[in-house]
>>> print(open('entry_38.pdb').read())   # PDB, C-alpha atoms
ATOM      1  CA  MET F  21     -25.105  -4.351 -16.802
ATOM      2  CA  ALA F  22     -23.576  -7.836 -16.944
ATOM      3  CA  ASP F  23     -20.522  -8.564 -14.823
ATOM      4  CA  ASP F  24     -18.362  -8.939 -17.924
ATOM      5  CA  GLN F  25     -19.410  -5.423 -19.015
ATOM      6  CA  PHE F  26     -18.590  -3.772 -15.686
ATOM      7  CA  PRO F  27     -15.796  -1.303 -16.467
ATOM      8  CA  GLY F  28     -14.025  -1.993 -13.180
ATOM      9  CA  TRP F  29     -12.667   0.263 -10.484
ATOM     10  CA  HIS F  30      -9.215   1.617 -11.174
ATOM     11  CA  GLY F  31      -7.016   3.835  -9.192
ATOM     12  CA  THR F  32      -4.429   4.067  -6.565
ATOM     13  CA  THR F  33      -0.751   4.481  -6.569
ATOM     14  CA  ILE F  34       0.926   3.652  -3.276
ATOM     15  CA  LEU F  35       4.665   4.181  -2.807
ATOM     16  CA  GLY F  36       6.920   3.313   0.118
ATOM     17  CA  VAL F  37      10.411   4.816   0.421
ATOM     18  CA  LYS F  38      12.980   4.041   3.123
ATOM     19  CA  ARG F  39      15.871   6.452   3.610
ATOM     20  CA  GLY F  40      17.762   8.096   6.437
ATOM     21  CA  GLY F  41      16.124   6.075   9.211
ATOM     22  CA  LYS F  42      12.613   6.957   8.043
ATOM     23  CA  VAL F  43       9.976   5.285   5.938
ATOM     24  CA  VAL F  44       7.460   7.343   4.005
ATOM     25  CA  ILE F  45       4.333   5.821   2.502
ATOM     26  CA  ALA F  46       2.456   8.019   0.047
ATOM     27  CA  GLY F  47      -0.802   7.393  -1.767
ATOM     28  CA  ASP F  48      -2.761   9.358  -4.320
ATOM     29  CA  GLY F  49      -6.435  10.180  -3.903
ATOM     30  CA  GLN F  50      -8.028   9.088  -7.177
ATOM     31  CA  VAL F  51     -10.693   6.416  -7.554
ATOM     32  CA  SER F  52     -11.966   5.786 -11.081
ATOM     33  CA  LEU F  53     -14.820   3.745 -12.516
ATOM     34  CA  GLY F  54     -14.047   3.031 -16.145
ATOM     35  CA  GLN F  55     -13.176   6.397 -17.677
ATOM     36  CA  THR F  56     -14.793   8.434 -14.916
ATOM     37  CA  VAL F  57     -13.087   9.818 -11.820
ATOM     38  CA  ILE F  58     -15.468   8.987  -8.963
ATOM     39  CA  LYS F  59     -13.432  10.577  -6.193
ATOM     40  CA  GLY F  60     -10.223  12.568  -6.129
ATOM     41  CA  THR F  61      -9.631  12.797  -2.386
ATOM     42  CA  ALA F  62      -9.674   9.187  -1.168
ATOM     43  CA  ARG F  63      -7.354   8.435   1.759
ATOM     44  CA  LYS F  64      -5.521   5.166   1.041
ATOM     45  CA  VAL F  65      -2.709   5.484   3.585
ATOM     46  CA  ARG F  66      -3.432   4.878   7.262
ATOM     47  CA  ARG F  67      -1.562   4.805  10.546
ATOM     48  CA  LEU F  68      -2.411   1.931  12.893
ATOM     49  CA  SER F  69      -1.287   1.701  16.525
ATOM     50  CA  PRO F  70      -2.168  -1.785  17.791
ATOM     51  CA  GLY F  71      -0.613  -2.467  21.178
ATOM     52  CA  GLY F  72       1.032   0.970  21.124
ATOM     53  CA  HIS F  73       3.305   0.107  18.180
ATOM     54  CA  ASP F  74       2.828   2.381  15.165
ATOM     55  CA  VAL F  75       2.509   0.872  11.699
ATOM     56  CA  VAL F  76       1.772   2.726   8.475
ATOM     57  CA  CYS F  77      -0.238   0.951   5.761
ATOM     58  CA  GLY F  78      -1.123   1.851   2.206
ATOM     59  CA  PHE F  79      -3.595  -0.154   0.158
ATOM     60  CA  ALA F  80      -4.499  -0.646  -3.481
ATOM     61  CA  GLY F  81      -7.497  -2.494  -4.848
ATOM     62  CA  SER F  82     -11.042  -2.781  -3.613
ATOM     63  CA  THR F  83     -11.581  -0.470  -0.641
ATOM     64  CA  ALA F  84     -13.861  -2.835   1.260
ATOM     65  CA  ASP F  85     -11.402  -5.683   0.709
ATOM     66  CA  ALA F  86      -8.490  -3.519   1.836
ATOM     67  CA  PHE F  87     -10.326  -2.481   5.024
ATOM     68  CA  THR F  88     -11.023  -6.136   5.769
ATOM     69  CA  LEU F  89      -7.317  -6.876   5.382
ATOM     70  CA  LEU F  90      -6.324  -3.881   7.514
ATOM     71  CA  GLU F  91      -8.624  -5.129  10.304
ATOM     72  CA  ARG F  92      -7.056  -8.599  10.061
ATOM     73  CA  LEU F  93      -3.554  -7.102  10.072
ATOM     74  CA  GLU F  94      -4.398  -5.033  13.131
ATOM     75  CA  ALA F  95      -5.617  -8.174  14.933
ATOM     76  CA  LYS F  96      -2.386  -9.989  13.992
ATOM     77  CA  LEU F  97      -0.330  -7.051  15.261
ATOM     78  CA  GLU F  98      -2.234  -7.034  18.560
ATOM     79  CA  ALA F  99      -1.463 -10.755  18.936
ATOM     80  CA  THR F 100       2.240 -10.188  18.139
ATOM     81  CA  PRO F 101       3.034  -6.650  19.371
ATOM     82  CA  GLY F 102       6.023  -5.035  17.699
ATOM     83  CA  GLN F 103       6.523  -7.958  15.276
ATOM     84  CA  LEU F 104       5.387  -6.630  11.910
ATOM     85  CA  GLN F 105       7.081  -9.327   9.852
ATOM     86  CA  ARG F 106       5.430 -12.111  11.843
ATOM     87  CA  ALA F 107       2.017 -10.419  11.657
ATOM     88  CA  ALA F 108       2.425  -9.890   7.900
ATOM     89  CA  VAL F 109       3.340 -13.539   7.327
ATOM     90  CA  GLU F 110       0.378 -14.709   9.419
ATOM     91  CA  LEU F 111      -1.965 -12.425   7.457
ATOM     92  CA  ALA F 112      -0.569 -13.678   4.131
ATOM     93  CA  LYS F 113      -1.026 -17.307   5.225
ATOM     94  CA  ASP F 114      -4.644 -16.652   6.222
ATOM     95  CA  TRP F 115      -5.267 -14.706   3.034
ATOM     96  CA  ARG F 116      -3.987 -17.568   0.893
ATOM     97  CA  THR F 117      -5.773 -20.392   2.707
ATOM     98  CA  ASP F 118      -9.096 -18.928   3.922
ATOM     99  CA  LYS F 119     -11.870 -19.353   1.332
ATOM    100  CA  TYR F 120     -13.446 -15.987   2.213
ATOM    101  CA  LEU F 121     -10.168 -14.069   2.202
ATOM    102  CA  GLN F 122      -9.036 -15.640  -1.096
ATOM    103  CA  LYS F 123     -11.678 -13.617  -2.904
ATOM    104  CA  LEU F 124     -10.329 -10.291  -1.618
ATOM    105  CA  GLU F 125      -8.763  -8.087  -4.270
ATOM    106  CA  ALA F 126      -6.258  -5.743  -2.710
ATOM    107  CA  MET F 127      -2.569  -5.353  -1.913
ATOM    108  CA  LEU F 128      -0.872  -3.704   1.044
ATOM    109  CA  ILE F 129       2.379  -1.879   1.704
ATOM    110  CA  VAL F 130       3.159  -1.831   5.431
ATOM    111  CA  SER F 131       6.007  -0.448   7.526
ATOM    112  CA  ASP F 132       6.960  -0.146  11.158
ATOM    113  CA  GLY F 133       9.696   2.373  10.376
ATOM    114  CA  SER F 134      12.500  -0.120  10.040
ATOM    115  CA  GLU F 135      11.246  -2.383   7.247
ATOM    116  CA  ILE F 136       8.824  -2.165   4.322
ATOM    117  CA  TYR F 137       6.710  -5.140   3.233
ATOM    118  CA  VAL F 138       4.361  -5.716   0.317
ATOM    119  CA  ILE F 139       1.621  -8.214   1.220
ATOM    120  CA  THR F 140      -0.332  -9.944  -1.558
ATOM    121  CA  GLY F 141      -3.210 -12.396  -1.785
ATOM    122  CA  ALA F 142      -0.886 -14.970  -3.324
ATOM    123  CA  GLY F 143       0.654 -15.444   0.122
ATOM    124  CA  ASP F 144       3.626 -13.187  -0.565
ATOM    125  CA  VAL F 145       5.328 -10.993   1.992
ATOM    126  CA  LEU F 146       7.936  -9.182  -0.036
ATOM    127  CA  GLU F 147      10.730  -7.008   1.299
ATOM    128  CA  PRO F 148      11.616  -4.803  -1.668
ATOM    129  CA  GLU F 149      15.092  -4.259  -3.007
ATOM    130  CA  HIS F 150      16.557  -0.775  -3.121
ATOM    131  CA  ASP F 151      14.334   0.397  -0.211
ATOM    132  CA  VAL F 152      11.433   1.285  -2.536
ATOM    133  CA  ALA F 153       8.072  -0.479  -3.014
ATOM    134  CA  ALA F 154       5.022   0.472  -5.068
ATOM    135  CA  ILE F 155       1.617  -1.016  -5.828
ATOM    136  CA  GLY F 156      -1.490  -0.020  -7.749
ATOM    137  CA  SER F 157      -2.311   1.282 -11.202
ATOM    138  CA  GLY F 158       0.545   3.764 -11.293
ATOM    139  CA  GLY F 159       2.843   1.692  -9.091
ATOM    140  CA  ASN F 160       5.391   0.871 -11.786
ATOM    141  CA  PHE F 161       5.691   4.544 -12.779
ATOM    142  CA  ALA F 162       6.178   5.626  -9.156
ATOM    143  CA  LEU F 163       8.626   2.769  -8.525
ATOM    144  CA  ALA F 164      10.782   3.668 -11.531
ATOM    145  CA  ALA F 165      10.793   7.353 -10.612
ATOM    146  CA  ALA F 166      11.630   6.675  -6.955
ATOM    147  CA  ARG F 167      14.427   4.266  -7.857
ATOM    148  CA  GLY F 168      15.962   6.966 -10.059
ATOM    149  CA  LEU F 169      15.524   9.599  -7.344
ATOM    150  CA  MET F 170      17.333   7.412  -4.787
ATOM    151  CA  GLU F 171      20.519   8.616  -6.541
ATOM    152  CA  THR F 172      19.795  12.205  -5.439
ATOM    153  CA  ASP F 173      20.221  13.938  -2.090
ATOM    154  CA  LEU F 174      16.462  14.127  -1.477
ATOM    155  CA  ASP F 175      15.104  12.711   1.782
ATOM    156  CA  ALA F 176      12.477   9.925   1.843
ATOM    157  CA  GLU F 177       9.534  12.331   1.729
ATOM    158  CA  GLY F 178      11.065  14.377  -1.077
ATOM    159  CA  ILE F 179      11.620  11.232  -3.136
ATOM    160  CA  ALA F 180       8.084   9.999  -2.470
ATOM    161  CA  ARG F 181       6.451  13.312  -3.357
ATOM    162  CA  LYS F 182       8.467  13.794  -6.542
ATOM    163  CA  ALA F 183       7.994  10.166  -7.688
ATOM    164  CA  MET F 184       4.237  10.382  -7.060
ATOM    165  CA  ALA F 185       4.095  13.620  -9.083
ATOM    166  CA  ILE F 186       5.834  11.851 -11.966
ATOM    167  CA  ALA F 187       3.402   8.915 -11.719
ATOM    168  CA  ALA F 188       0.438  11.338 -11.697
ATOM    169  CA  ASP F 189       1.742  12.965 -14.885
ATOM    170  CA  ILE F 190       1.918   9.584 -16.657
ATOM    171  CA  CYS F 191      -0.870   7.383 -15.251
ATOM    172  CA  VAL F 192      -4.464   8.485 -15.921
ATOM    173  CA  TYR F 193      -5.575   6.537 -12.823
ATOM    174  CA  THR F 194      -3.315   8.559 -10.489
ATOM    175  CA  ASN F 195      -3.731  12.127  -9.271
ATOM    176  CA  GLY F 196      -1.567  14.558  -7.327
ATOM    177  CA  ASN F 197      -3.753  14.691  -4.207
ATOM    178  CA  LEU F 198      -1.432  12.877  -1.786
ATOM    179  CA  THR F 199      -1.712  11.386   1.652
ATOM    180  CA  VAL F 200       1.784  11.050   3.100
ATOM    181  CA  GLU F 201       2.670   9.312   6.368
ATOM    182  CA  THR F 202       6.183   9.157   7.825
ATOM    183  CA  ILE F 203       7.317   6.621  10.394
ATOM    184  CA  GLU F 204      10.697   6.006  11.983
ATOM    185  CA  LYS F 205      12.010   3.455  14.441
TER
END
>>> encode(input="entry_38.pdb", output="structure tokens")
Amino acid sequence: MADDQFPGWHGTTILGVKRGGKVVIAGDGQVSLGQTVIKGTARKVRRLSPGGHDVVCGFAGSTADAFTLLERLEAKLEATPGQLQRAAVELAKDWRTDKYLQKLEAMLIVSDGSEIYVITGAGDVLEPEHDVAAIGSGGNFALAAARGLMETDLDAEGIARKAMAIAADICVYTNGNLTVETIEK
């Protein structure tokens, strides 16, 4: 099959919600190849503890690329313990300027419990408005749902779970098999 005929991997909805002194990052478990679900139980949200400081990360995109980025982020966090923003900026700079890293196709949502950042290969480290961030195939659906749910009395986990359920009902590349990690400062 020629590269231009490859149907492409699709999948992943990652959502970060900050509320009540907690940050919740939730990710679905679906990985699709074209119109076929390859796996429904992938784990795309991870907890890292470099230097004894917990960080929760969710990734969308190529799994191998995301793991490479997570390893680089962990190294940056070990070099700057407890300074997530600095580590994220250093990773984004490397990602944008390193010829090997430039080819990586993934995005990350990271949090240390006090802030949420979206890190992209374009060199962006974005701190989302309204305390909600989302990436991946169903990211816009989850983002819209979570933003609407921020007007309710639900806690961060309740908002994340309900928004992910809405995204799973709309996006064919998102399922309801969630990995949810909570972190607080």
>>> atom_distance(input="entry_38.pdb", atom1="CA of Met127 in chain F", atom2="CA of Glu171 in chain F")
27.4 Å
>>> closest_residue(input="entry_38.pdb", among="F:Leu90, F:Ile155, F:Leu163, F:Ala84", to="Glu125 in chain F", atoms="all atoms listed in the file")
F:Ala84
>>> resolve_selection(input="entry_38.pdb", expression="the PyMOL selection byres ((chain F and resi 188) around 10)", output="mmCIF file with C-alpha atoms, keeping the file's coordinate frame")
data_model
loop_
_atom_site.group_PDB
_atom_site.id
_atom_site.type_symbol
_atom_site.label_atom_id
_atom_site.label_comp_id
_atom_site.auth_asym_id
_atom_site.auth_seq_id
_atom_site.Cartn_x
_atom_site.Cartn_y
_atom_site.Cartn_z
ATOM 1 C CA THR F 33 -0.751 4.481 -6.569
ATOM 2 C CA ASP F 48 -2.761 9.358 -4.320
ATOM 3 C CA GLN F 50 -8.028 9.088 -7.177
ATOM 4 C CA GLY F 158 0.545 3.764 -11.293
ATOM 5 C CA PHE F 161 5.691 4.544 -12.779
ATOM 6 C CA ALA F 162 6.178 5.626 -9.156
ATOM 7 C CA LYS F 182 8.467 13.794 -6.542
ATOM 8 C CA ALA F 183 7.994 10.166 -7.688
ATOM 9 C CA MET F 184 4.237 10.382 -7.060
ATOM 10 C CA ALA F 185 4.095 13.620 -9.083
ATOM 11 C CA ILE F 186 5.834 11.851 -11.966
ATOM 12 C CA ALA F 187 3.402 8.915 -11.719
ATOM 13 C CA ASP F 189 1.742 12.965 -14.885
ATOM 14 C CA ILE F 190 1.918 9.584 -16.657
ATOM 15 C CA CYS F 191 -0.870 7.383 -15.251
ATOM 16 C CA VAL F 192 -4.464 8.485 -15.921
ATOM 17 C CA TYR F 193 -5.575 6.537 -12.823
ATOM 18 C CA THR F 194 -3.315 8.559 -10.489
ATOM 19 C CA ASN F 195 -3.731 12.127 -9.271
ATOM 20 C CA GLY F 196 -1.567 14.558 -7.327
ATOM 21 C CA ASN F 197 -3.753 14.691 -4.207
#
>>> resolve_selection(input="entry_38.pdb", expression="the PyMOL selection byres ((chain F and resi 75-83) around 6)", output="compact mmCIF listing (two decimals) with C-alpha atoms, in the coordinates of the input")
# COMPACT_ATOMS: atom_id res chain seq x y z
CA THR F 32 -4.43 4.07 -6.56
CA LYS F 64 -5.52 5.17 1.04
CA VAL F 65 -2.71 5.48 3.58
CA ARG F 66 -3.43 4.88 7.26
CA ARG F 67 -1.56 4.80 10.55
CA LEU F 68 -2.41 1.93 12.89
CA ASP F 74 2.83 2.38 15.16
CA ALA F 84 -13.86 -2.84 1.26
CA ASP F 85 -11.40 -5.68 0.71
CA ALA F 86 -8.49 -3.52 1.84
CA GLU F 125 -8.76 -8.09 -4.27
CA ALA F 126 -6.26 -5.74 -2.71
CA MET F 127 -2.57 -5.35 -1.91
CA LEU F 128 -0.87 -3.70 1.04
CA ILE F 129 2.38 -1.88 1.70
CA VAL F 130 3.16 -1.83 5.43
CA SER F 131 6.01 -0.45 7.53
CA ASP F 132 6.96 -0.15 11.16
CA GLY F 156 -1.49 -0.02 -7.75
>>> resolve_selection(input="entry_38.pdb", expression="the PyMOL selection byres ((chain F and resi 34-46) around 6)", output="CSV table (one decimal) with C-alpha atoms, in the coordinates of the input")
chain,number,residue,atom,x,y,z
F,33,THR,CA,-0.8,4.5,-6.6
F,47,GLY,CA,-0.8,7.4,-1.8
F,133,GLY,CA,9.7,2.4,10.4
F,151,ASP,CA,14.3,0.4,-0.2
F,152,VAL,CA,11.4,1.3,-2.5
F,153,ALA,CA,8.1,-0.5,-3.0
F,154,ALA,CA,5.0,0.5,-5.1
F,155,ILE,CA,1.6,-1.0,-5.8
F,176,ALA,CA,12.5,9.9,1.8
F,177,GLU,CA,9.5,12.3,1.7
F,199,THR,CA,-1.7,11.4,1.7
F,200,VAL,CA,1.8,11.0,3.1
F,201,GLU,CA,2.7,9.3,6.4
F,202,THR,CA,6.2,9.2,7.8
F,203,ILE,CA,7.3,6.6,10.4
F,204,GLU,CA,10.7,6.0,12.0
>>> closest_residue(input="entry_38.pdb", among="F:Leu97, F:Val109, F:Val51, F:Leu169", to="Gly141 in chain F", atoms="all atoms listed in the file")
F:Val109
>>> closest_residue(input="entry_38.pdb", among="F:Gly49, F:Glu91, F:Ile58, F:Lys96", to="Gly71 in chain F", atoms="all atoms listed in the file")
F:Lys96
>>> closest_residue(input="entry_38.pdb", among="F:Val145, F:Met170, F:Ala180, F:Leu53", to="Lys113 in chain F", atoms="all atoms listed in the file")
F:Val145
>>> atom_distance(input="entry_38.pdb", atom1="CA of Arg92 in chain F", atom2="CA of Thr117 in chain F")
14.0 Å
>>> atom_distance(input="entry_38.pdb", atom1="CA of Leu93 in chain F", atom2="CA of Arg63 in chain F")
18.0 Å
>>> closest_residue(input="entry_38.pdb", among="F:His73, F:Asp114, F:Lys123, F:Gly60", to="Thr100 in chain F", atoms="all atoms listed in the file")
F:His73
>>> build_atoms(input="entry_38.pdb", residues="range 178-191 of chain F", atoms="N, CA and C atoms", output="mmCIF file, in the frame of the given file")
data_model
loop_
_atom_site.group_PDB
_atom_site.id
_atom_site.type_symbol
_atom_site.label_atom_id
_atom_site.label_comp_id
_atom_site.auth_asym_id
_atom_site.auth_seq_id
_atom_site.Cartn_x
_atom_site.Cartn_y
_atom_site.Cartn_z
ATOM 1 N N GLY F 178 10.823 13.687 0.189
ATOM 2 C CA GLY F 178 11.065 14.377 -1.077
ATOM 3 C C GLY F 178 11.026 13.421 -2.259
ATOM 4 N N ILE F 179 11.641 12.246 -2.082
ATOM 5 C CA ILE F 179 11.620 11.232 -3.136
ATOM 6 C C ILE F 179 10.193 10.769 -3.392
ATOM 7 N N ALA F 180 9.459 10.485 -2.320
ATOM 8 C CA ALA F 180 8.084 9.999 -2.470
ATOM 9 C C ALA F 180 7.207 11.031 -3.172
ATOM 10 N N ARG F 181 7.291 12.272 -2.750
ATOM 11 C CA ARG F 181 6.451 13.312 -3.357
ATOM 12 C C ARG F 181 6.779 13.525 -4.835
ATOM 13 N N LYS F 182 8.063 13.575 -5.156
ATOM 14 C CA LYS F 182 8.467 13.794 -6.542
ATOM 15 C C LYS F 182 8.105 12.587 -7.421
ATOM 16 N N ALA F 183 8.328 11.372 -6.924
ATOM 17 C CA ALA F 183 7.994 10.166 -7.688
ATOM 18 C C ALA F 183 6.484 10.065 -7.913
ATOM 19 N N MET F 184 5.698 10.418 -6.907
ATOM 20 C CA MET F 184 4.237 10.382 -7.060
ATOM 21 C C MET F 184 3.777 11.439 -8.072
ATOM 22 N N ALA F 185 4.440 12.592 -8.096
ATOM 23 C CA ALA F 185 4.095 13.620 -9.083
ATOM 24 C C ALA F 185 4.386 13.122 -10.493
ATOM 25 N N ILE F 186 5.496 12.421 -10.662
ATOM 26 C CA ILE F 186 5.834 11.851 -11.966
ATOM 27 C C ILE F 186 4.786 10.814 -12.369
ATOM 28 N N ALA F 187 4.421 9.932 -11.434
ATOM 29 C CA ALA F 187 3.402 8.915 -11.719
ATOM 30 C C ALA F 187 2.078 9.567 -12.095
ATOM 31 N N ALA F 188 1.698 10.646 -11.408
ATOM 32 C CA ALA F 188 0.438 11.338 -11.697
ATOM 33 C C ALA F 188 0.457 11.978 -13.081
ATOM 34 N N ASP F 189 1.626 12.388 -13.544
ATOM 35 C CA ASP F 189 1.742 12.965 -14.885
ATOM 36 C C ASP F 189 1.610 11.911 -15.978
ATOM 37 N N ILE F 190 1.908 10.644 -15.649
ATOM 38 C CA ILE F 190 1.918 9.584 -16.657
ATOM 39 C C ILE F 190 0.662 8.718 -16.611
ATOM 40 N N CYS F 191 0.231 8.338 -15.416
ATOM 41 C CA CYS F 191 -0.870 7.383 -15.251
ATOM 42 C C CYS F 191 -2.202 8.127 -15.114
#
